[in-house]
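Written out below as structure tokens is the structure these notes cover.
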There are 6 protein chains.
Amino acid sequence: MPKVTVHRKAHFNAAHRLYRKDWSDEKNFDVFSKCSNPNFHGHNYELIVSLTGEISKETGYVYDLGKLKDLIKSEVEDAFDHKNLNIDVKEFKDLNPTAENISVVIYNKLKKHLPKDLELEITLYETPRNFVSYSGD
Amino acid sequence: MPKVTVHRKAHFNAAHRLYRKDWSDEKNFDVFSKCSNPNFHGHNYELIVSLTGEISKETGYVYDLGKLKDLIKSEVEDAFDHKNLNIDVKEFKDLNPTAENISVVIYNKLKKHLPKDLELEITLYETPRNFVSYSGD
Amino acid sequence: MPKVTVHRKAHFNAAHRLYRKDWSDEKNFDVFSKCSNPNFHGHNYELIVSLTGEISKETGYVYDLGKLKDLIKSEVEDAFDHKNLNIDVKEFKDLNPTAENISVVIYNKLKKHLPKDLELEITLYETPRNFVSYSGD
Amino acid sequence: MPKVTVHRKAHFNAAHRLYRKDWSDEKNFDVFSKCSNPNFHGHNYELIVSLTGEISKETGYVYDLGKLKDLIKSEVEDAFDHKNLNIDVKEFKDLNPTAENISVVIYNKLKKHLPKDLELEITLYETPRNFVSYSGD
Amino acid sequence: MPKVTVHRKAHFNAAHRLYRKDWSDEKNFDVFSKCSNPNFHGHNYELIVSLTGEISKETGYVYDLGKLKDLIKSEVEDAFDHKNLNIDVKEFKDLNPTAENISVVIYNKLKKHLPKDLELEITLYETPRNFVSYSGD
Amino acid sequence: MPKVTVHRKAHFNAAHRLYRKDWSDEKNFDVFSKCSNPNFHGHNYELIVSLTGEISKETGYVYDLGKLKDLIKSEVEDAFDHKNLNIDVKEFKDLNPTAENISVVIYNKLKKHLPKDLELEITLYETPRNFVSYSGD
């Protein structure tokens, strides 16, 4: 059967701060500039989850996007939406919540709930002008 | 010459229903949920057709996007726009018109009219939140 | 207190056909062209509901957009989403489901559930290129 | 001369929390739900500033959008971008930073720097789905 | 019958230069900055044409958007698309092609072909960040 | 460390004409149609620059998007924005400024300023409906 990629969009709104605990505020500002504001800033993150696999002969689906929507809700939206990533989300207790790192965390959270034969890619918009993509390499 | 991908957007508005004739309405609803409404629902499909090949030294084009626009019109828009995919489009008489299957049908309709040395990819938005891509694998 | 307009976006996907029962298919095609296809076509309708009123001194809200989201869901999305407007929605049994008429129907459905001192406006996108707005005049 | 409205888009990313200091966390959660997270969340705010007035016969402009861009930068972006609205921005020390209240604050900050004969309107997107508009009434 | 506004989007791509013939290049640069480049620059103009009037009891339309699309094509797209506004379009021979002035020209070109009882508004995006609106005042 | 792609959007507005100096106006019109208008036309070009590489363990970045923004400004925006590509930009003195060729020129301008271990891809929208991508093959 043909191999198709299916994509589902979702979104969450969160506060964060880019910094390293072992650096001074000055050093953090040098490296992360205004993104290191100690009082945090925030974003409307837009997320695209992409799954590649063969079309099921039975349903015509690669993967039921309704099920994918529910999985994104329970694994990503419930965990990140209207949260402070640095304080409220355990994965970023010791990991700088850059868009790059957030995309890897989301990949790992979703991957274990998906069939092994589907390839997964994460695209994450931090703003309409800055975004990242990660496919597990 | 450098190898570049050129993309052209188009769109069509259509009704459809996801279901299998050999299943009961109950079974169809179990699998396809509200998408199996026997009276149909519909979408504004947004289509991106992508062609990859070498830039022509003569024109600076990979492929004339005006010609591609005309090809999309005759093969896709004239056939699908303001139609009921299940009833009016012969390719879906016995094929469930999921976004996955529609993208494969569009790929096959366009492929035979394009130069053999161009790679083709189809991206099809069923809604701004659900979309698929297919490149012939 | 200052008077502000708050807007909430929503969406539903539906099939429809533009026609008058008392006209022949030929006359319907003359007036409504491809939109009168007897087998229906469909759209991803994007809806903006706008409420104008004074900011509440207590909350800083004009109207809780979470409540508005729930109202749009129960009155509009549950009634129209993944439906055939002509067949499944009683308001269009004898009313041509043009974008103009749909916007008036949505206005009337929402208006009676909203505080009398709030002005209501409906903006309805039938496609990204065709849309209408109605504010009760 | 004809009266035209000119619009300029801008954006800022900020953290905020909806709450009243004189309410308990429970009461704040009752009213503002997840938006009252004590650790803050955040948004990419998209701003449209609109000015209505007569076209200048000399320049063909209502107002130089380059000057408006600079004014938005100094009054809004420099003050709000990558900030925590509740903590870092003095206007919200005792004012709940709802989208409604932010739009009024932006209106008042810009109004005093603009020619008196121009009408001003603020449109502020908190998310692509929630937005407000204010024109000084 | 209810009064509704119907909107139709269109687009054209054109070159232009902002300047006054009776000013020096220096003065033009002082006032219009980089927009006065003597060799021109250009834009993808996005146009929204809005008509307000009563819904026709017969058709459910305010105005047939197919007819409006054709009118925009013959009056605006055929005249402006892939043109140099300063050189190729007679209305701008002695009129500075600012977005403000272009919107007034489009208004006047369309107005005379439309029923007198319909109100007309023009919205013109010069870029996604700069746009104007004009309704005949 | 995981390999992630980071993307940054930018834009520039320019005039251009598609043609070959060694062809007649008739031949140019035959091949490039309205795009060969001798008086030029123009576009709002939207640019996406994508870099693929390993996440830095130190910063959580693949590449500082603030630095990338500055590089795009000095190499692309300062050179192309509000310019006539055919006349003002030396790379197109003898190269037809098709979207394909512009994307290759941008690739080459940026590539030499970037770390060798980062893969670069250019996506260039000439209009919202026509765009190209190039990754150095």
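Note on naming: chains are A, B, ... as they come in the structure tokens, residues start from 1 per chain, ligands start from 1 in the order shown.
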
- prompt: Residues of chain D within 12 Å of chain A, using only C-alpha atoms, as a PyMOL selection string?
  reply: chain D and resi 11-18+32-46+78+80-89+125-130

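When DSSP is run on the backbone, the residues of region 22-78 of chain D that fall into alpha helix (DSSP H) are Asp25, Glu26, Lys27, Asn28, Phe29, Asp30, Val31, Phe32, Leu65, Gly66, Lys67, Leu68, Lys69, Asp70, Leu71, Ile72 and Asp78 of chain D.
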
- prompt: Neighbours of region 97-105 of chain D within 8 Å (only C-alpha atoms; same-chain residues fewer than 5 positions away dropped), as a ChimeraX atom specification?
  reply: /C:2,4,6,55,60-62 /D:16-18,85-86,91-92,122-126,131-134,136

Can I get the selected residues back with N, CA and C atoms, as a tab-separated table (two decimals), in the first residue's frame?
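Done, and the output landed in selection-v9.tsv:
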```tsv
chain	number	residue	atom	x	y	z
C	2	PRO	N	-14.41	51.22	29.75
C	2	PRO	CA	-14.23	51.21	28.29
C	2	PRO	C	-15.04	50.09	27.63
C	4	VAL	N	-15.28	47.43	24.74
C	4	VAL	CA	-14.34	46.65	23.94
C	4	VAL	C	-15.10	45.55	23.21
C	6	VAL	N	-14.84	41.68	22.00
C	6	VAL	CA	-14.07	40.43	22.12
C	6	VAL	C	-14.52	39.46	21.03
C	55	ILE	N	-16.08	46.64	29.70
C	55	ILE	CA	-15.23	45.76	30.50
C	55	ILE	C	-15.79	45.69	31.92
C	60	GLY	N	-12.25	42.25	34.50
C	60	GLY	CA	-11.45	42.70	33.36
C	60	GLY	C	-11.90	42.06	32.05
C	61	TYR	N	-12.98	41.31	32.10
C	61	TYR	CA	-13.55	40.65	30.92
C	61	TYR	C	-14.75	41.45	30.40
C	62	VAL	N	-15.00	41.42	29.09
C	62	VAL	CA	-16.31	41.81	28.56
C	62	VAL	C	-17.26	40.62	28.71
D	16	HIS	N	1.93	36.17	31.44
D	16	HIS	CA	0.98	36.86	32.33
D	16	HIS	C	0.20	35.83	33.15
D	17	ARG	N	-0.53	36.36	34.10
D	17	ARG	CA	-1.43	35.56	34.92
D	17	ARG	C	-2.68	36.39	35.14
D	18	LEU	N	-3.87	35.80	34.98
D	18	LEU	CA	-5.11	36.52	35.28
D	18	LEU	C	-5.49	36.22	36.73
D	85	LEU	N	3.98	40.53	32.15
D	85	LEU	CA	3.12	41.72	32.22
D	85	LEU	C	2.78	42.07	33.67
D	86	ASN	N	2.50	41.06	34.50
D	86	ASN	CA	2.12	41.33	35.90
D	86	ASN	C	3.26	41.95	36.71
D	91	GLU	N	1.86	49.39	34.34
D	91	GLU	CA	0.42	49.60	34.15
D	91	GLU	C	-0.41	48.42	34.69
D	92	PHE	N	0.20	47.24	34.83
D	92	PHE	CA	-0.57	46.07	35.29
D	92	PHE	C	-0.26	45.69	36.73
D	122	ILE	N	-7.32	49.78	18.29
D	122	ILE	CA	-6.37	48.73	18.66
D	122	ILE	C	-7.05	47.38	18.47
D	123	THR	N	-6.39	46.48	17.76
D	123	THR	CA	-6.84	45.08	17.71
D	123	THR	C	-5.71	44.23	18.27
D	124	LEU	N	-6.03	43.38	19.22
D	124	LEU	CA	-4.99	42.60	19.90
D	124	LEU	C	-5.38	41.13	19.91
D	125	TYR	N	-4.55	40.30	19.27
D	125	TYR	CA	-4.74	38.86	19.28
D	125	TYR	C	-3.96	38.26	20.45
D	126	GLU	N	-4.65	37.65	21.40
D	126	GLU	CA	-3.97	36.94	22.48
D	126	GLU	C	-3.55	35.56	21.97
D	131	PHE	N	-9.36	37.27	20.34
D	131	PHE	CA	-8.81	38.60	20.14
D	131	PHE	C	-9.83	39.67	20.52
D	132	VAL	N	-9.33	40.90	20.67
D	132	VAL	CA	-10.19	42.01	21.12
D	132	VAL	C	-9.91	43.24	20.27
D	133	SER	N	-10.88	44.18	20.25
D	133	SER	CA	-10.63	45.45	19.58
D	133	SER	C	-11.21	46.59	20.42
D	134	TYR	N	-10.53	47.75	20.38
D	134	TYR	CA	-10.91	48.90	21.22
D	134	TYR	C	-10.62	50.18	20.45
D	136	GLY	N	-11.58	53.44	21.85
D	136	GLY	CA	-11.63	54.63	22.70
D	136	GLY	C	-12.99	55.02	23.24
```

task: Name all residues at most 8 Å from Asp117 (chain E) (count only C-alpha atoms; drop same-chain ones fewer than 2 positions away) and give them as an MDAnalysis selection string.
output: chainID E and resid 53 115 119

- request: Pull the strand (DSSP E) assignments for chain B out of DSSP run on the backbone, and list those residues as a ChimeraX atom specification.
  value: /B:3-16,41-54,83-84,119-125,130-134

- request: For CA of Asp30 (chain E) and CA of Asp64 (chain D), quote the distance in Å rounded to one decimal.
  value: 11.9 Å

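One finds CA of Glu121 (chain C) at 13.1 Å from CA of Ile72 (chain C).
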
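Distances here use only C-alpha atoms; by that measure, the residue among B:His113, B:Lys57, B:Asn108, B:Leu120 closest to Arg8 (chain B) is B:Leu120.
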